[in-house]
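Colleague: Questions regarding the structure given below will be posed in turn.
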Amino acid sequence: MRFIADLHIHSKYSRATSRDMSPENIWKWAQRKGIVVVGTGDFTHPKWLLELQEKLEITENNLLQLRNEFRSDDVPPSCRADVFFMLTAEISCIYSKNGKVRKIHCLLLAPDFSAAVKVNAALSRIGNLSSDGRPILGLDAKVLLEIVLGINSDIMLVPAHAWTPHFSVFGASSGFDSLDECFEEFTPHIFAIETGLSSDPSMNRRLSALDSVTLLSNSDAHSPAKLGREANIFDTGLSYTEILDSIRTRRGFLGTIEFFPEEGKYHYDGHRACGIALSPQETIENNYLCPVCGKKVTVGVLHRVEKLADREPEYQPEGAPPFRSIIPLQEVLAETLKKGVNTKTVKDAYEGLLRKLGNEFTILTDTPLNVIEREGSPLLRKAIQRMRTGNIHISPGFDGEFGKIKIFENVTRQAIKGQTMLF
């Protein structure tokens, strides 16, 4: 069956994460979004794992479901659907290799509680798993892969947000130039990477070395409303084994739903303290220094891709899974209503559309425009039409600052003055 999966999220036990990230709220919001399979996140945290064991039950296909006693009716009837959980966790590996400090985040997918418990037992001997939902371990990413495969060969390790400057396998600040350099003889066990919010599949396809891996996209959500800002589309059976096989072989992997990468907070180079955003060419012209204060700029994802790429930007491999970029519905409504995204006006409009039209992904990608106009407004129809065709305006994100995306207003960037002007 065709379904959407978001496999990388966080729990309330991770730093800078909403207290609302509970199994019950994740279950509710997955239905609002249209997500059928969602990661648990953070299974390495002892308290979170206990809560997962209390509130989730295993299905015959090694996915998990929320127990009936923890379910509520607080989901619009038009959105109600089965939601399955997959045990997932993110590990921050910080270590020295080849004369450089490496900071690599790794996503783990685990088949069952038994495997998760064994992973936790092994990793607890290396570092403190209770300090954060995403633990920081002084552990080579290759060794982490070796450990988890030794526990259960059905555990999968996926390099997380693979291009983020500071914490990723290809990051400009602390990553590697290739998967082989990072994982060495264990590289054949890397079947996928996560592209992250600041890149999309077309950027990753510029590296021929990535032709053999699946390009996954996940939300890395820290709050329920951020679920599904990126996600994957599968056409397989609803089982851990079939999803894993699809990632390994790309059979039944239909593609991804993406952020517009320019909106990601590390797409461009820049220096946030001075408000400076730079294209790769501008960075080179400025000798990698901030034109205001003279300090080094943070090299972003677009620049890093340009450096490692062996193909032109227009290259499209034959048979590559497609993708489509979206803007979250609450952000679309905020612009059409000229209200803040977290205002009651926007929240009420969002819930009203869900009640009338179904889940968010359906509205953003499939609902006929005339129906959107009838149940929403002519301006909402125009906004979603422009989003679907990519006819939007973005001032790129840089150095930890999200890009500014507008549907109707033009956005221009004055990099040297460090100002974003809206016209």
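Going by the structure tokens order, chains are called A, B, ..., each with residues numbered from 1, while ligands are numbered from 1 in the order shown.
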Which residues of range 41-151 of chain A sit at most 12 Å from range 344-352 of chain A, using only C-alpha atoms? Give each one's shortest atom pair and distance in Å (one decimal place), in chain and ascending residue order, as JSON lines.
Modeller:
{"residue": "A:Asp74", "atom": "CA", "partner": "A:Glu351", "partner_atom": "CA", "distance": 11.1}
{"residue": "A:Val75", "atom": "CA", "partner": "A:Glu351", "partner_atom": "CA", "distance": 9.5}
{"residue": "A:Pro76", "atom": "CA", "partner": "A:Glu351", "partner_atom": "CA", "distance": 7.8}
{"residue": "A:Pro77", "atom": "CA", "partner": "A:Glu351", "partner_atom": "CA", "distance": 11.2}
{"residue": "A:Ser78", "atom": "CA", "partner": "A:Gly352", "partner_atom": "CA", "distance": 10.8}
{"residue": "A:Cys79", "atom": "CA", "partner": "A:Glu351", "partner_atom": "CA", "distance": 10.5}
Colleague: Which polymer residues have any atom within 12 Å of an atom of Glu373 in chain A, counting only C-alpha atoms, with same-chain residues fewer than 2 positions away left out, as a VMD selection string?
Modeller: chain A and resid 353 357 363 367 to 371 375 to 385
Colleague: Excluding Gly138 in chain A and residues on its chain fewer than 4 positions from it, collect all residues at most 8 Å away from it, counting only C-alpha atoms, and give them as a PyMOL selection string.
Modeller: chain A and resi 93-95+126-127
Colleague: Which neighbours of Phe234 in chain A fall inside 6 Å, counting only C-alpha atoms, when residues of the same chain fewer than 4 positions from it are skipped, and could you give them as a ChimeraX atom specification?
Modeller: /A:2-3,252-254
Colleague: Take the residues from that selection and put them in a file with N, CA, C and O atoms, as a CSV table (one decimal), in the first residue's frame.
Modeller:
chain,number,residue,atom,x,y,z
A,2,ARG,N,0.3,2.3,-0.5
A,2,ARG,CA,1.1,3.6,-0.6
A,2,ARG,C,0.9,4.3,0.8
A,2,ARG,O,-0.3,4.5,1.2
A,3,PHE,N,2.0,4.8,1.4
A,3,PHE,CA,1.9,5.5,2.6
A,3,PHE,C,3.0,6.4,2.8
A,3,PHE,O,4.1,6.3,2.1
A,252,GLY,N,9.7,-0.1,-4.3
A,252,GLY,CA,8.6,0.4,-3.4
A,252,GLY,C,8.9,1.7,-2.8
A,252,GLY,O,8.1,2.2,-2.0
A,253,PHE,N,10.0,2.3,-3.1
A,253,PHE,CA,10.3,3.7,-2.6
A,253,PHE,C,9.9,4.7,-3.6
A,253,PHE,O,10.6,4.8,-4.7
A,254,LEU,N,8.9,5.4,-3.4
A,254,LEU,CA,8.3,6.3,-4.4
A,254,LEU,C,8.8,7.7,-4.5
A,254,LEU,O,8.5,8.4,-5.4
Colleague: Measuring atom to atom with only C-alpha atoms, identify which of A:Tyr13, A:Ile4, A:Thr59, A:Tyr288 is nearest to Thr256 in chain A.
Modeller: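 The closest residue to Thr256 in chain A is A:Ile4.
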Colleague: Which is closest to Asn68 in chain A among A:Val213, A:Val158, A:Glu54, A:Asp180, if we use only C-alpha atoms?
Modeller: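 Of the candidates, the smallest distance to Asn68 in chain A is held by A:Glu54.
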Colleague: Which residues come within 12 Å of Lys100 in chain A, counting only C-alpha atoms, excluding same-chain residues fewer than 6 positions away, as a PyMOL selection string?
Modeller: chain A and resi 94+172-176+182
Colleague: For those residues, write all heavy atoms to a file as a PDB file, in the first residue's frame.
Modeller:
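The new file result-v4.pdb reads:
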ATOM      1  N   ILE A  94      31.025  12.215  18.483  1.00  0.00           N
ATOM      2  CA  ILE A  94      32.072  13.231  18.441  1.00  0.00           C
ATOM      3  C   ILE A  94      33.400  12.551  18.743  1.00  0.00           C
ATOM      4  O   ILE A  94      33.579  11.962  19.816  1.00  0.00           O
ATOM      5  CB  ILE A  94      31.787  14.366  19.443  1.00  0.00           C
ATOM      6  CG1 ILE A  94      30.441  15.040  19.108  1.00  0.00           C
ATOM      7  CG2 ILE A  94      32.919  15.392  19.420  1.00  0.00           C
ATOM      8  CD1 ILE A  94      30.075  16.188  20.018  1.00  0.00           C
ATOM      9  N   ALA A 172      30.697  20.729   6.329  1.00  0.00           N
ATOM     10  CA  ALA A 172      31.907  21.485   6.015  1.00  0.00           C
ATOM     11  C   ALA A 172      32.812  21.654   7.219  1.00  0.00           C
ATOM     12  O   ALA A 172      34.041  21.686   7.083  1.00  0.00           O
ATOM     13  CB  ALA A 172      31.518  22.859   5.456  1.00  0.00           C
ATOM     14  N   SER A 173      32.235  21.734   8.419  1.00  0.00           N
ATOM     15  CA  SER A 173      33.042  22.024   9.602  1.00  0.00           C
ATOM     16  C   SER A 173      33.684  20.791  10.221  1.00  0.00           C
ATOM     17  O   SER A 173      34.800  20.858  10.741  1.00  0.00           O
ATOM     18  CB  SER A 173      32.179  22.726  10.662  1.00  0.00           C
ATOM     19  OG  SER A 173      31.711  23.966  10.186  1.00  0.00           O
ATOM     20  N   SER A 174      32.966  19.651  10.192  1.00  0.00           N
ATOM     21  CA  SER A 174      33.495  18.499  10.931  1.00  0.00           C
ATOM     22  C   SER A 174      33.157  17.154  10.299  1.00  0.00           C
ATOM     23  O   SER A 174      33.177  16.133  10.978  1.00  0.00           O
ATOM     24  CB  SER A 174      32.958  18.526  12.368  1.00  0.00           C
ATOM     25  OG  SER A 174      31.543  18.584  12.373  1.00  0.00           O
ATOM     26  N   GLY A 175      32.861  17.165   9.008  1.00  0.00           N
ATOM     27  CA  GLY A 175      32.502  15.932   8.332  1.00  0.00           C
ATOM     28  C   GLY A 175      33.614  15.378   7.460  1.00  0.00           C
ATOM     29  O   GLY A 175      34.789  15.751   7.589  1.00  0.00           O
ATOM     30  N   PHE A 176      33.232  14.476   6.570  1.00  0.00           N
ATOM     31  CA  PHE A 176      34.159  13.813   5.658  1.00  0.00           C
ATOM     32  C   PHE A 176      33.829  14.180   4.215  1.00  0.00           C
ATOM     33  O   PHE A 176      32.760  14.734   3.927  1.00  0.00           O
ATOM     34  CB  PHE A 176      34.059  12.292   5.825  1.00  0.00           C
ATOM     35  CG  PHE A 176      34.458  11.788   7.184  1.00  0.00           C
ATOM     36  CD1 PHE A 176      33.528  11.675   8.215  1.00  0.00           C
ATOM     37  CD2 PHE A 176      35.770  11.403   7.449  1.00  0.00           C
ATOM     38  CE1 PHE A 176      33.886  11.198   9.467  1.00  0.00           C
ATOM     39  CE2 PHE A 176      36.141  10.927   8.698  1.00  0.00           C
ATOM     40  CZ  PHE A 176      35.199  10.818   9.715  1.00  0.00           C
ATOM     41  N   CYS A 182      34.446   7.905   6.051  1.00  0.00           N
ATOM     42  CA  CYS A 182      33.839   7.820   7.378  1.00  0.00           C
ATOM     43  C   CYS A 182      33.684   6.380   7.849  1.00  0.00           C
ATOM     44  O   CYS A 182      34.086   6.030   8.962  1.00  0.00           O
ATOM     45  CB  CYS A 182      32.479   8.513   7.366  1.00  0.00           C
ATOM     46  SG  CYS A 182      31.597   8.465   8.942  1.00  0.00           S
TER      47      CYS A 182
END
Colleague: Here is a test: counting only C-alpha atoms, which residue of A:Ile58, A:Leu52, A:Leu197, A:Leu137 is nearest to Leu302 in chain A?
Modeller: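 Distance minimum relative to Leu302 in chain A lands on A:Leu197.
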Colleague: For Asp200 in chain A, which of A:Gly270, A:Pro261, A:Gly41, A:Gly300 is the closest residue, counting only C-alpha atoms?
Modeller: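 Looking at the shortest contact to Asp200 in chain A, the residue is A:Pro261.
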Colleague: In Å, with one decimal, what is the gap from CA of His45 in chain A to CA of Leu129 in chain A?
Modeller: 5.6 Å
Colleague: Show me, as a PyMOL selection string, the residues that have an atom within 10 Å of Arg251 in chain A when counting only C-alpha atoms, minus same-chain residues fewer than 2 positions from it.
Modeller: chain A and resi 234-236+242-243+245-249+253-254
Colleague: With only C-alpha atoms as the atoms that count, which of A:Ala5, A:Leu210, A:Leu329, A:Met203 lies nearest to Val37 in chain A?
Modeller: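 Under the stated criterion, the closest residue is A:Ala5.
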Colleague: To one decimal place in Å, what is the distance between CA of Asn218 in chain A and CA of Ala141 in chain A?
Modeller: 20.2 Å
